[in-house]
Structures are given as C-alpha cells and as structure tokens.
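Next comes entry.cif, with mmCIF, C-alpha atoms.
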```cif
data_query
#
loop_
_atom_site.label_atom_id
_atom_site.label_comp_id
_atom_site.auth_asym_id
_atom_site.auth_seq_id
_atom_site.Cartn_x
_atom_site.Cartn_y
_atom_site.Cartn_z
CA MET A 7 0.00 0.00 0.00
CA THR A 8 1.39 3.37 -1.00
CA SER A 9 1.92 5.79 1.88
CA PRO A 10 0.30 9.27 1.78
CA HIS A 11 3.79 10.82 1.65
CA VAL A 12 4.71 8.82 -1.44
CA ARG A 13 1.34 9.59 -3.07
CA ARG A 14 1.84 13.31 -2.44
CA LYS A 15 5.38 13.14 -3.86
CA LYS A 16 4.18 11.30 -6.97
CA SER A 17 1.34 13.79 -7.41
CA THR A 18 3.77 16.71 -7.22
CA ILE A 19 6.08 15.08 -9.78
CA VAL A 20 3.18 14.37 -12.14
CA ARG A 21 1.94 17.94 -11.92
CA SER A 22 5.44 19.27 -12.54
CA ILE A 23 5.77 17.09 -15.64
CA ARG A 24 2.37 18.22 -16.91
CA ARG A 25 3.21 21.88 -16.39
CA ALA A 26 6.55 21.47 -18.16
CA ALA A 27 4.83 19.74 -21.08
CA MET A 28 2.20 22.47 -21.33
CA ALA A 29 4.86 25.19 -21.23
CA GLY A 30 6.83 23.39 -23.93
CA GLY A 31 3.71 23.15 -26.08
CA PHE A 32 3.01 26.86 -25.68
CA ARG A 33 6.59 27.69 -26.60
CA ALA A 34 6.08 25.89 -29.90
CA VAL A 35 2.75 27.62 -30.47
CA PHE A 36 4.12 31.07 -29.71
CA GLY A 37 7.16 30.41 -31.89
CA THR A 38 4.82 29.79 -34.83
CA LEU A 39 2.54 32.72 -34.04
CA GLU A 40 5.55 35.04 -33.77
CA GLN A 41 6.19 34.43 -37.47
CA LEU A 42 2.72 33.92 -38.91
CA ALA A 43 0.09 35.59 -36.71
CA PRO A 44 1.46 37.90 -34.02
CA GLU A 45 -1.94 39.51 -33.38
CA ALA A 46 -3.41 36.11 -32.53
CA GLY A 47 -0.36 35.43 -30.40
CA GLY A 48 -0.96 38.62 -28.44
CA ARG A 49 -4.59 37.68 -27.82
CA LEU A 50 -3.61 34.19 -26.64
CA ALA A 51 -0.92 35.59 -24.34
CA LEU A 52 -3.41 38.06 -22.85
CA ARG A 53 -5.91 35.27 -22.22
CA LEU A 54 -3.30 33.19 -20.40
CA TRP A 55 -2.11 36.21 -18.41
CA CYS A 56 -5.65 36.95 -17.21
CA THR A 57 -6.39 33.40 -16.07
CA PRO A 58 -6.07 32.75 -12.31
CA PRO A 59 -5.06 29.26 -11.21
CA ARG A 60 -8.03 27.07 -10.32
CA ARG A 61 -7.29 25.33 -7.07
CA ARG A 62 -8.76 24.40 -3.74
CA ILE A 63 -7.63 26.73 -0.97
CA ALA A 64 -8.07 25.67 2.63
CA ALA A 65 -8.64 28.35 5.23
CA PRO A 66 -5.82 28.64 7.79
CA THR A 67 -6.36 27.44 11.32
CA VAL A 68 -8.18 30.23 13.12
CA PRO A 69 -7.14 30.89 16.73
CA ALA A 70 -9.59 31.70 19.48
CA GLY A 71 -9.87 35.27 20.69
CA PRO A 72 -8.20 36.67 23.81
CA GLY A 73 -8.90 34.63 26.91
CA GLY A 74 -9.96 31.65 24.82
CA ALA A 75 -13.23 33.27 23.75
CA THR A 76 -14.35 32.13 20.34
CA THR A 77 -14.92 35.21 18.21
CA PHE A 78 -14.89 33.48 14.83
CA THR A 79 -16.46 30.10 14.21
CA GLY A 80 -15.80 29.64 10.52
CA PRO A 81 -15.70 31.22 7.07
CA TYR A 82 -19.48 31.27 6.71
CA ASP A 83 -20.53 32.97 9.93
CA GLY A 84 -20.69 36.75 10.05
CA THR A 85 -22.97 38.89 7.90
CA PRO A 86 -23.06 38.07 4.17
CA PHE A 87 -23.16 40.83 1.57
CA THR A 88 -22.92 41.39 -2.17
CA VAL A 89 -21.62 44.42 -4.06
CA GLU A 90 -21.82 45.18 -7.78
CA VAL A 91 -18.41 45.82 -9.34
CA ASP A 92 -17.79 46.55 -13.03
CA GLY A 93 -20.95 44.66 -13.98
CA GLY A 94 -20.12 41.65 -11.79
CA THR A 95 -21.16 40.63 -8.30
CA VAL A 96 -18.69 40.40 -5.42
CA THR A 97 -19.65 38.22 -2.45
CA GLY A 98 -18.27 38.68 1.05
CA ARG A 99 -18.78 38.54 4.81
CA ALA A 100 -18.38 40.96 7.70
CA TRP A 101 -17.79 40.41 11.41
CA GLY A 102 -17.74 42.52 14.57
CA SER A 103 -18.37 46.21 15.06
CA GLY A 104 -16.29 49.37 15.11
CA PRO A 105 -13.96 51.05 12.58
CA PHE A 106 -13.70 49.15 9.32
CA VAL A 107 -10.74 46.92 8.51
CA TYR A 108 -10.78 45.36 5.04
CA LEU A 109 -9.05 42.08 4.11
CA ALA A 110 -8.02 41.71 0.44
CA HIS A 111 -6.81 38.35 -0.90
CA GLY A 112 -4.48 37.72 -3.83
CA TRP A 113 -4.49 36.22 -7.33
CA GLY A 114 -6.07 32.79 -7.42
CA GLY A 115 -6.90 33.08 -3.71
CA SER A 116 -10.02 33.72 -1.68
CA ALA A 117 -11.15 35.59 1.40
CA SER A 118 -10.75 32.44 3.49
CA GLN A 119 -6.97 32.81 3.33
CA LEU A 120 -7.19 35.89 5.56
CA HIS A 121 -9.68 34.54 8.09
CA GLY A 122 -6.84 34.07 10.58
CA PHE A 123 -6.87 37.85 11.12
CA VAL A 124 -10.59 38.01 11.95
CA PRO A 125 -10.80 36.96 15.63
CA THR A 126 -7.97 39.23 16.79
CA LEU A 127 -9.33 42.21 14.87
CA VAL A 128 -12.89 41.64 16.12
CA ALA A 129 -11.65 41.29 19.69
CA ALA A 130 -9.73 44.56 19.24
CA GLY A 131 -12.98 46.35 18.38
CA TYR A 132 -13.04 46.45 14.58
CA ARG A 133 -15.62 45.67 11.92
CA VAL A 134 -13.82 43.22 9.61
CA VAL A 135 -14.87 42.93 5.97
CA ALA A 136 -13.58 40.29 3.54
CA TRP A 137 -14.69 39.30 0.05
CA ASP A 138 -13.80 37.16 -2.95
CA ALA A 139 -12.60 39.06 -6.01
CA LEU A 140 -14.44 38.70 -9.31
CA SER A 141 -13.85 35.26 -10.87
CA HIS A 142 -12.56 34.05 -7.48
CA GLY A 143 -14.21 32.03 -4.74
CA ARG A 144 -17.95 32.57 -4.49
CA SER A 145 -18.04 35.82 -6.46
CA GLY A 146 -19.34 36.10 -10.01
CA PRO A 147 -17.28 36.43 -13.19
CA GLY A 148 -15.55 39.63 -14.18
CA ALA A 149 -15.72 41.66 -17.38
CA LEU A 150 -13.66 39.07 -19.29
CA GLY A 151 -15.98 36.21 -18.32
CA PRO A 152 -15.64 33.18 -16.02
CA HIS A 153 -12.15 32.27 -14.82
CA ARG A 154 -10.69 35.55 -16.06
CA ALA A 155 -9.74 38.52 -13.89
CA THR A 156 -7.61 41.65 -13.82
CA LEU A 157 -5.65 43.70 -11.34
CA SER A 158 -7.88 46.72 -11.88
CA GLU A 159 -10.96 44.64 -11.06
CA PHE A 160 -9.29 43.80 -7.76
CA ALA A 161 -8.76 47.51 -7.09
CA ASP A 162 -12.28 48.41 -8.20
CA ALA A 163 -13.72 45.73 -5.91
CA LEU A 164 -11.91 47.19 -2.89
CA THR A 165 -13.15 50.69 -3.73
CA ALA A 166 -16.72 49.47 -4.20
CA VAL A 167 -16.73 47.43 -0.98
CA VAL A 168 -15.37 50.40 1.00
CA ARG A 169 -18.04 52.68 -0.46
CA ALA A 170 -20.74 50.16 0.42
CA HIS A 171 -19.63 49.72 4.04
CA GLY A 172 -17.72 52.72 5.35
CA PRO A 173 -14.38 54.55 5.54
CA ALA A 174 -11.34 52.30 5.73
CA HIS A 175 -9.50 52.54 9.01
CA ALA A 176 -7.13 49.95 7.58
CA VAL A 177 -6.62 47.45 4.79
CA ILE A 178 -4.68 44.22 5.27
CA ALA A 179 -3.91 42.83 1.83
CA HIS A 180 -2.00 39.89 0.41
CA SER A 181 -0.03 39.55 -2.83
CA LEU A 182 -1.99 40.89 -5.82
CA GLY A 183 -4.58 42.16 -3.33
CA ALA A 184 -1.81 44.27 -1.80
CA SER A 185 -0.84 45.58 -5.23
CA ALA A 186 -4.47 46.38 -6.01
CA THR A 187 -4.81 48.18 -2.68
CA GLY A 188 -1.72 50.25 -3.41
CA LEU A 189 -3.16 51.10 -6.82
CA ALA A 190 -6.51 52.14 -5.30
CA VAL A 191 -4.80 54.30 -2.67
CA LEU A 192 -2.56 55.98 -5.24
CA ASP A 193 -5.68 56.60 -7.32
CA GLY A 194 -7.36 58.38 -4.41
CA LEU A 195 -8.98 55.85 -2.05
CA PRO A 196 -8.64 57.16 1.55
CA VAL A 197 -7.15 54.60 3.96
CA ARG A 198 -5.81 55.37 7.43
CA ARG A 199 -3.35 52.49 7.73
CA LEU A 200 -2.15 49.87 5.27
CA VAL A 201 -0.58 46.43 5.67
CA MET A 202 0.86 44.80 2.53
CA ILE A 203 1.84 41.15 2.79
CA ALA A 204 4.01 39.89 -0.10
CA PRO A 205 3.16 42.74 -2.51
CA MET A 206 4.04 42.92 -6.18
CA ALA A 207 5.65 46.32 -6.76
CA ASP A 208 5.74 46.44 -10.57
CA PRO A 209 4.15 44.05 -13.09
CA LEU A 210 6.82 44.55 -15.77
CA PRO A 211 9.36 42.01 -14.39
CA TYR A 212 6.54 39.46 -14.13
CA ILE A 213 5.50 40.15 -17.72
CA GLN A 214 9.09 39.58 -18.78
CA ALA A 215 9.28 36.30 -16.84
CA PHE A 216 5.93 35.25 -18.34
CA ARG A 217 7.31 35.89 -21.83
CA ARG A 218 10.51 33.95 -21.15
CA THR A 219 8.60 30.98 -19.77
CA LEU A 220 6.29 30.67 -22.75
CA GLY A 221 8.88 31.60 -25.37
CA ILE A 222 7.00 34.73 -26.43
CA GLY A 223 9.09 36.63 -28.95
CA PRO A 224 9.45 40.40 -29.34
CA VAL A 225 6.64 40.86 -31.87
CA VAL A 226 4.01 38.90 -29.92
CA GLY A 227 5.38 40.46 -26.72
CA ASP A 228 4.73 43.94 -28.10
CA ARG A 229 1.20 42.87 -29.05
CA LEU A 230 0.67 41.57 -25.52
CA VAL A 231 1.66 44.86 -23.91
CA ALA A 232 -0.44 46.81 -26.42
CA ALA A 233 -3.45 44.58 -25.64
CA MET A 234 -2.94 45.14 -21.91
CA GLU A 235 -2.76 48.89 -22.29
CA SER A 236 -5.81 48.89 -24.56
CA LEU A 237 -7.72 46.91 -21.98
CA VAL A 238 -6.53 49.21 -19.21
CA GLY A 239 -6.87 52.55 -20.94
CA ARG A 240 -3.62 53.71 -19.36
CA PRO A 241 0.08 52.79 -19.69
CA ILE A 242 1.53 49.80 -17.87
CA ALA A 243 3.85 52.27 -16.12
CA ASP A 244 0.87 53.44 -14.06
CA TYR A 245 1.01 50.07 -12.29
CA ASP A 246 4.60 50.55 -11.17
CA LEU A 247 3.65 51.24 -7.56
CA GLY A 248 7.20 51.91 -6.44
CA SER A 249 7.72 54.71 -8.94
CA ARG A 250 4.28 56.20 -8.31
CA ALA A 251 4.67 56.14 -4.54
CA HIS A 252 8.17 57.60 -4.58
CA GLY A 253 7.75 61.29 -3.86
CA ALA A 254 3.94 61.14 -3.66
CA GLY A 255 2.48 63.00 -0.68
CA GLY A 256 -0.39 62.14 1.61
CA LEU A 257 0.07 58.36 1.67
CA PRO A 258 -1.09 56.39 4.73
CA PRO A 259 1.39 54.67 7.07
CA LEU A 260 2.48 51.33 5.64
CA LEU A 261 3.70 48.02 7.07
CA VAL A 262 5.17 45.56 4.55
CA VAL A 263 5.58 41.90 5.53
CA GLN A 264 7.74 39.82 3.19
CA ASP A 265 9.21 36.34 3.47
CA ARG A 266 12.73 35.77 2.21
CA ASN A 267 11.68 32.40 0.76
CA ASP A 268 8.65 33.66 -1.17
CA ARG A 269 8.55 31.85 -4.51
CA GLU A 270 5.58 33.69 -6.01
CA VAL A 271 6.64 37.31 -5.79
CA TYR A 272 10.16 38.66 -5.83
CA PRO A 273 11.29 39.24 -2.22
CA ALA A 274 12.91 42.49 -3.35
CA ASP A 275 9.43 43.90 -4.04
CA GLY A 276 8.75 44.24 -0.32
CA ALA A 277 11.82 46.43 0.16
CA THR A 278 10.88 48.44 -2.93
CA MET A 279 7.46 49.26 -1.50
CA ALA A 280 8.75 49.99 2.01
CA THR A 281 11.41 52.33 0.62
CA ALA A 282 9.25 54.16 -1.92
CA TRP A 283 6.11 54.64 0.19
CA PRO A 284 7.97 54.86 2.67
CA GLY A 285 7.04 52.41 5.40
CA ARG A 286 8.23 49.66 7.72
CA LEU A 287 9.50 46.33 6.44
CA HIS A 288 9.18 43.14 8.50
CA ARG A 289 10.94 40.08 7.12
CA THR A 290 10.11 36.47 7.90
CA ASP A 291 11.95 33.24 7.15
CA GLY A 292 10.50 29.99 5.85
CA LEU A 293 6.84 31.05 5.65
CA GLY A 294 6.73 31.34 1.88
CA HIS A 295 3.84 33.00 0.10
CA GLY A 296 0.82 31.32 1.68
CA ARG A 297 1.70 30.14 5.19
CA ILE A 298 2.70 33.68 6.09
CA LEU A 299 -1.03 34.50 6.41
CA ALA A 300 -1.53 31.95 9.20
CA ASP A 301 1.59 32.78 11.21
CA PRO A 302 0.58 34.10 14.68
CA GLU A 303 3.50 36.56 14.78
CA VAL A 304 2.53 38.03 11.41
CA VAL A 305 -1.09 38.37 12.55
CA ARG A 306 0.01 40.03 15.79
CA ARG A 307 2.28 42.52 14.06
CA ALA A 308 -0.36 43.41 11.50
CA VAL A 309 -3.06 43.96 14.12
CA ASP A 310 -0.71 45.94 16.36
CA PHE A 311 0.10 48.18 13.40
CA VAL A 312 -3.60 48.65 12.64
CA ARG A 313 -4.21 49.66 16.26
CA GLU A 314 -1.54 52.36 16.28
CA SER A 315 -3.15 55.80 16.53
CA GLY A 316 -2.42 59.37 15.57
CA THR A 317 -3.05 59.10 11.84
CA ALA A 318 -5.71 60.38 9.46
CA PRO A 319 -6.61 59.41 5.90
CA HIS A 320 -4.03 60.95 3.54
CA ALA A 321 -2.85 63.30 6.29
CA GLY A 322 0.64 63.49 4.82
CA PRO A 323 3.58 61.23 4.01
CA HIS A 324 4.54 58.78 6.76
CA ARG A 325 8.29 58.93 7.10
CA GLY A 326 8.55 55.42 8.42
CA THR A 327 11.51 53.19 9.02
CA VAL A 328 12.57 50.01 7.33
CA THR A 329 13.35 47.20 9.74
CA ALA A 330 14.50 43.66 9.14
CA THR A 331 13.19 41.05 11.55
CA SER A 332 12.20 37.42 11.47
CA ALA A 333 9.04 35.71 12.67
CA ARG A 334 10.79 32.36 12.94
CA THR A 335 14.15 31.27 14.29
CA GLY A 336 14.74 28.93 11.41
CA PRO A 337 13.45 28.08 7.96
CA ILE A 338 10.49 25.81 7.43
CA PRO A 339 10.87 23.28 4.63
CA GLY A 340 8.91 24.21 1.54
CA ALA A 341 7.47 27.54 0.51
CA ALA A 342 4.48 28.82 -1.44
CA PRO A 343 1.47 26.52 -1.89
CA ASN A 344 2.00 25.94 -5.60
CA GLY A 345 5.78 26.08 -5.64
CA SER A 346 5.93 28.64 -8.40
CA THR A 347 8.64 31.20 -8.94
CA GLY A 348 8.46 34.73 -10.16
CA THR A 349 4.93 34.78 -11.48
CA GLY A 350 2.15 36.98 -10.22
CA SER A 351 0.08 36.89 -7.09
CA ALA A 352 -0.98 33.62 -5.54
CA GLY A 353 0.46 31.55 -8.34
CA GLY A 354 -0.90 33.54 -11.24
CA ARG A 355 -0.22 36.28 -13.68
CA PRO A 356 -1.78 39.54 -12.48
CA LEU A 357 -2.95 41.91 -15.19
CA PRO A 358 -3.44 45.64 -14.90
CA GLY A 359 -6.93 45.23 -16.35
CA THR A 360 -10.08 47.12 -17.10
CA VAL A 361 -10.36 50.46 -15.35
CA THR A 362 -14.10 51.05 -15.31
CA GLY A 363 -14.82 51.19 -11.61
CA PRO A 364 -15.28 54.12 -9.25
CA ALA A 365 -11.62 54.75 -8.41
CA VAL A 366 -10.56 58.39 -8.72
CA ARG A 367 -7.62 58.86 -11.08
CA ARG A 368 -4.54 60.93 -10.29
CA PRO A 369 -1.57 61.73 -12.52
CA LEU A 370 1.54 59.58 -12.33
CA ARG A 371 3.83 61.11 -9.76
CA GLY A 372 7.34 60.54 -8.51
CA THR A 373 9.53 59.00 -11.15
CA GLY A 374 12.84 59.70 -9.46
CA GLU A 375 15.48 57.09 -8.82
CA MET A 376 14.65 54.63 -6.03
CA ARG A 377 16.65 54.79 -2.82
CA PRO A 378 18.05 51.47 -1.59
CA ALA A 379 16.26 50.13 1.47
CA PRO A 380 18.27 49.38 4.60
CA GLN A 381 18.62 45.64 4.92
CA ASP A 382 20.44 43.01 6.89
CA ASP A 383 21.17 40.74 3.96
CA PRO A 384 21.42 41.13 0.17
CA LEU A 385 18.14 40.94 -1.71
CA PRO A 386 17.94 38.37 -4.50
CA ALA A 387 17.70 39.55 -8.06
CA PRO A 388 14.63 38.50 -10.06
CA PRO A 389 15.12 34.97 -11.38
CA GLU A 390 15.92 34.51 -15.04
CA LYS A 391 13.26 31.83 -15.44
CA ALA A 392 9.65 31.76 -14.33
CA PRO A 393 7.71 28.54 -13.67
CA PRO A 394 5.79 26.75 -16.39
CA ILE A 395 2.53 28.51 -17.19
CA PRO A 396 -0.37 27.89 -16.93
CA GLN A 397 -0.20 26.09 -13.60
CA GLU A 398 -2.50 23.41 -12.31
CA ALA A 399 -4.27 23.74 -8.99
CA ILE A 400 -2.28 22.41 -6.08
#
```
Whole structure given in structure tokens:
Amino acid sequence: MTSPHVRRKKSTIVRSIRRAAMAGGFRAVFGTLEQLAPEAGGRLALRLWCTPPRRRIAAPTVPAGPGGATTFTGPYDGTPFTVEVDGGTVTGRAWGSGPFVYLAHGWGGSASQLHGFVPTLVAAGYRVVAWDALSHGRSGPGALGPHRATLSEFADALTAVVRAHGPAHAVIAHSLGASATGLAVLDGLPVRRLVMIAPMADPLPYIQAFRRTLGIGPVVGDRLVAAMESLVGRPIADYDLGSRAHGAGGLPPLLVVQDRNDREVYPADGATMATAWPGRLHRTDGLGHGRILADPEVVRRAVDFVRESGTAPHAGPHRGTVTATSARTGPIPGAAPNGSTGTGSAGGRPLPGTVTGPAVRRPLRGTGEMRPAPQDDPLPAPPEKAPPIPQEAI
C-alpha cells in the first residue's frame, strides 16, 4: 500500500511534468505565431495572463480570541453581503463592530486565506470585511468572463466594498490584493493604515518572466503589452507602484511583511514598497507566500500596526523606518502553496486590467530614482526563469 507521503510526492512530480509539457507546447505555439500571426499570439498571451489558477484553498487554522473566547467560528458565519463591481457581483462577509478593517486576498486566492486575522481584529474592536474578487471564490465572473480577472478589477472591488460599508481605518492585503490596494490608494482611495503582505511592486518584471517561460518573442510580446494597455486605458507604467509612490504625498502609514523564501513574488518587491512609500519592512523566514497568512506573529504585528493611533486618511507622508526582523528562528521546509517562482500573485499572472470602476484617477507622480532600502542581507535579483505557465491547482 502506498503511503500518503509517497502519493503526495508522486502527485507533485506528475503535476510538474504536466506543467513542463504544457509550457513546452506553448513555446512551440508562440514560436509559430511570432512568425505567422502575431496579433493572434498577443490575444492568446493576454488570455493566459488573465487566467487565475483554479485550485482548492483551505482556510488557515483560526485561533480563538483573547482569553480563549471564540470570536470566529468559521468562514461562513458573520454577515453576508454582495456588491456590484464593473458589472459583476462580489460576495463577502463581515464580522464585529467598530472602525472598518478590510481584508483583500491575492491572485487565485479567496477571502478564506485571511480569516486568521478576523478573531484578533474583532476582539480589538473592529468591523472586519472580507470578500472574494471577481472570478474568485464565491463571487461572479468579471468583465472578461468566467475564470478571467484583472488587477484593476481587484482595485475596483476594494473601492466598491469600501463605499458600500464605510471609511477604511485599515486594509490588510496579500499579494496581488496588496498591489491592487496600493493602486486604489494611489488613485485616491482614503485609507488610514495599510498592511501589505508579499506585494508585487511592478508588473513589468513578471510580464518579462511570463514571456521567457512561454517563449514569447518580441513581436508577440509587443502585441501583448499593447493589448494590456488597450484593456486598461492607461500605460503599464501606471502600475509601477514603487515609482508612483516615490515622492507622492499624503500616503497612509504602511507596514510591509515579506518572506525571504517567497517563490511567487520577488522578495525584493517588499523592500521596494517599504522604501518608496515609505514604510516599515518586516521580514520572515520559511513562511513562503501562503503560510505567512496563518503565522501568529505576522497576525500580531499586523493587528498591532492597525491599532496604532495618531493618523488620518491621507494626512501626509509617513516617514517610516525600514526594519528587518524574522518571525521564525529557522526556515520551514517548503514555501508557497504551488511552488511557483516569479509569477504573479498567488500563483498567477496579475494583469493591470479594465479600469471602469469608481476609483478616482490621479496623474503619475514621482519617477525619481529609487533609494536602496536598509537591509540586513542582500536581496535576491529576479530569477531569469519563471515557472511553467499555466499552472494546475495544487
């Protein structure tokens, strides 16, 4: 009889072989389209880029509240709600009472990934609101149809949910959800305090890795970028959060949490955001991209930061500090749930997508050279190779 460990190992190997085969097949397809039909190649690349991974995501273990009191009994307690966003329907839940704290998940994820923050926030006296992005979880499809989503839809969903509930005391956001939150704030959404966990600072390196993985040549690559910008209605440079934040005034205080072993976003992106915003940077070891959301020390630091006082929405730049600390004394074997490297949020390929929601637009600001962030160890450069795409659910 095969042991569960062996079955899991075989399953991982099989999935890796399938992903490699699919990537190899796409490389051949894109090689042909580069020569014969670059417009079709651009459309195919855009479709792949906009497709989140379809996978089962288990909610992290949720601790009891202070004193052992149960303040959160599961992902389907709380008050359900729906909000219309860009012609689609977003589904979510809310718990507790008090100032609003919003929880934004990442690419291919769901609200359940952030449920570990709920009991502590509720016990601290906050109204906690979480939702599934369009084409994610229990929410309806986005503008591109089922199983397709965009970064701008993520940002528009946050803006719509905040408008439906109340002013944001804080947003705690993960991966592409963190990038979408940064985009919404830079576009004018008032937020008092902001926690970004494993953010993506700029989509361009991920686009480049996506192209290398699938063997997309320069002609099809140009068509891909043109299709993105046509879909967006603004240049891809507008999604470079580091450049936009650098020198921008009136940004809320920021805490960035980034694991050194994150295999889904470049670890350097955390330092980029903390330096440009500017804000605080807390580093962890061995938590990867997904487990970081269930780590009690990460939850504690995030909630403590949310509870800090003396700020107001867009009251002026927060001249924070960048610190390097670890939530664990040693690495934990393994990393992100899907074992990918250098793709977008939560195992996918985030797209700066349709901008049709209620976000207020502001001009691109702050294009000066980035200052290096203080650090206790060298940051890794972006890898030369990204994982095979598309990826199967893991």
Exercise. Find the spatial neighbours of Gly131 in chain A, counting only C-alpha atoms, within a cut-off of 7 Å - ignore same-chain residues fewer than 4 positions away - and output them as JSON, numbers by chain.
Key: {"A": [103, 104, 127]}
Exercise. Figure out the distance between CA of Asp162 in chain A and CA of Leu140 in chain A, please, to one decimal in Å.
Key: 10.0 Å
Practice problem: Mind giving me the straight-line distance from CA of Asp246 in chain A to CA of His153 in chain A in Å, one decimal? | Solution: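 Interatomic distance here is 25.1 Å.
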Quiz item: So which residues touch Ala155 in chain A within 8 Å, counting all atoms listed in the file, skipping near sequence neighbours fewer than 6 positions away, as a ChimeraX atom specification?
Solution: /A:56-58,140-141,147-149,357,359
Self-check item: Gap from CA of Ala184 in chain A to CA of Asp83 in chain A - Å, one decimal
Solution: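 According to the coordinates, CA of Ala184 in chain A and CA of Asp83 in chain A are separated by 24.8 Å.
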Quiz item: Where does the PyMOL selection byres ((chain A and resi 95) around 8) land in this file, that is, which residues does it pick, as number ranges by chain?
Solution: A: 88-91, 93-94, 96-97, 140, 145-147
Written file, previous selection with C-alpha atoms, as a JSON list (two decimals), in the frame of the given file:
```json
[["chain", "number", "residue", "atom", "x", "y", "z"],
["A", 88, "THR", "CA", -22.92, 41.39, -2.17],
["A", 89, "VAL", "CA", -21.62, 44.42, -4.06],
["A", 90, "GLU", "CA", -21.82, 45.18, -7.78],
["A", 91, "VAL", "CA", -18.41, 45.82, -9.34],
["A", 93, "GLY", "CA", -20.95, 44.66, -13.98],
["A", 94, "GLY", "CA", -20.12, 41.65, -11.79],
["A", 96, "VAL", "CA", -18.69, 40.40, -5.42],
["A", 97, "THR", "CA", -19.65, 38.22, -2.45],
["A", 140, "LEU", "CA", -14.44, 38.70, -9.31],
["A", 145, "SER", "CA", -18.04, 35.82, -6.46],
["A", 146, "GLY", "CA", -19.34, 36.10, -10.01],
["A", 147, "PRO", "CA", -17.28, 36.43, -13.19]]
```
Self-check item: Top pick for closest residue to Glu159 in chain A, considering A:Gly143, A:Leu52, A:Pro173, A:Thr187 and counting only C-alpha atoms
Solution: A:Thr187
Self-check item: Test item: the PyMOL selection byres ((chain A and resi 230) around 12) resolved as a PyMOL selection string
Solution: chain A and resi 36+40+44-56+210+213-214+216-217+222-229+231-237+242+357
Practice problem: Evaluate the PyMOL selection byres ((chain A and resi 308-317) around 9) and record the selected residues as a ChimeraX atom specification, following the chain and residue labels used in the document. | Solution: /A:107,123,126-127,130,175-178,198-201,258-261,263,303-307,318-321
Quiz item: Looking at all atoms listed in the file, which of A:Leu192, A:Ala251, A:Leu220, A:Ala136 is the one that sits closest to Gly37 in chain A?
Solution: A:Leu220
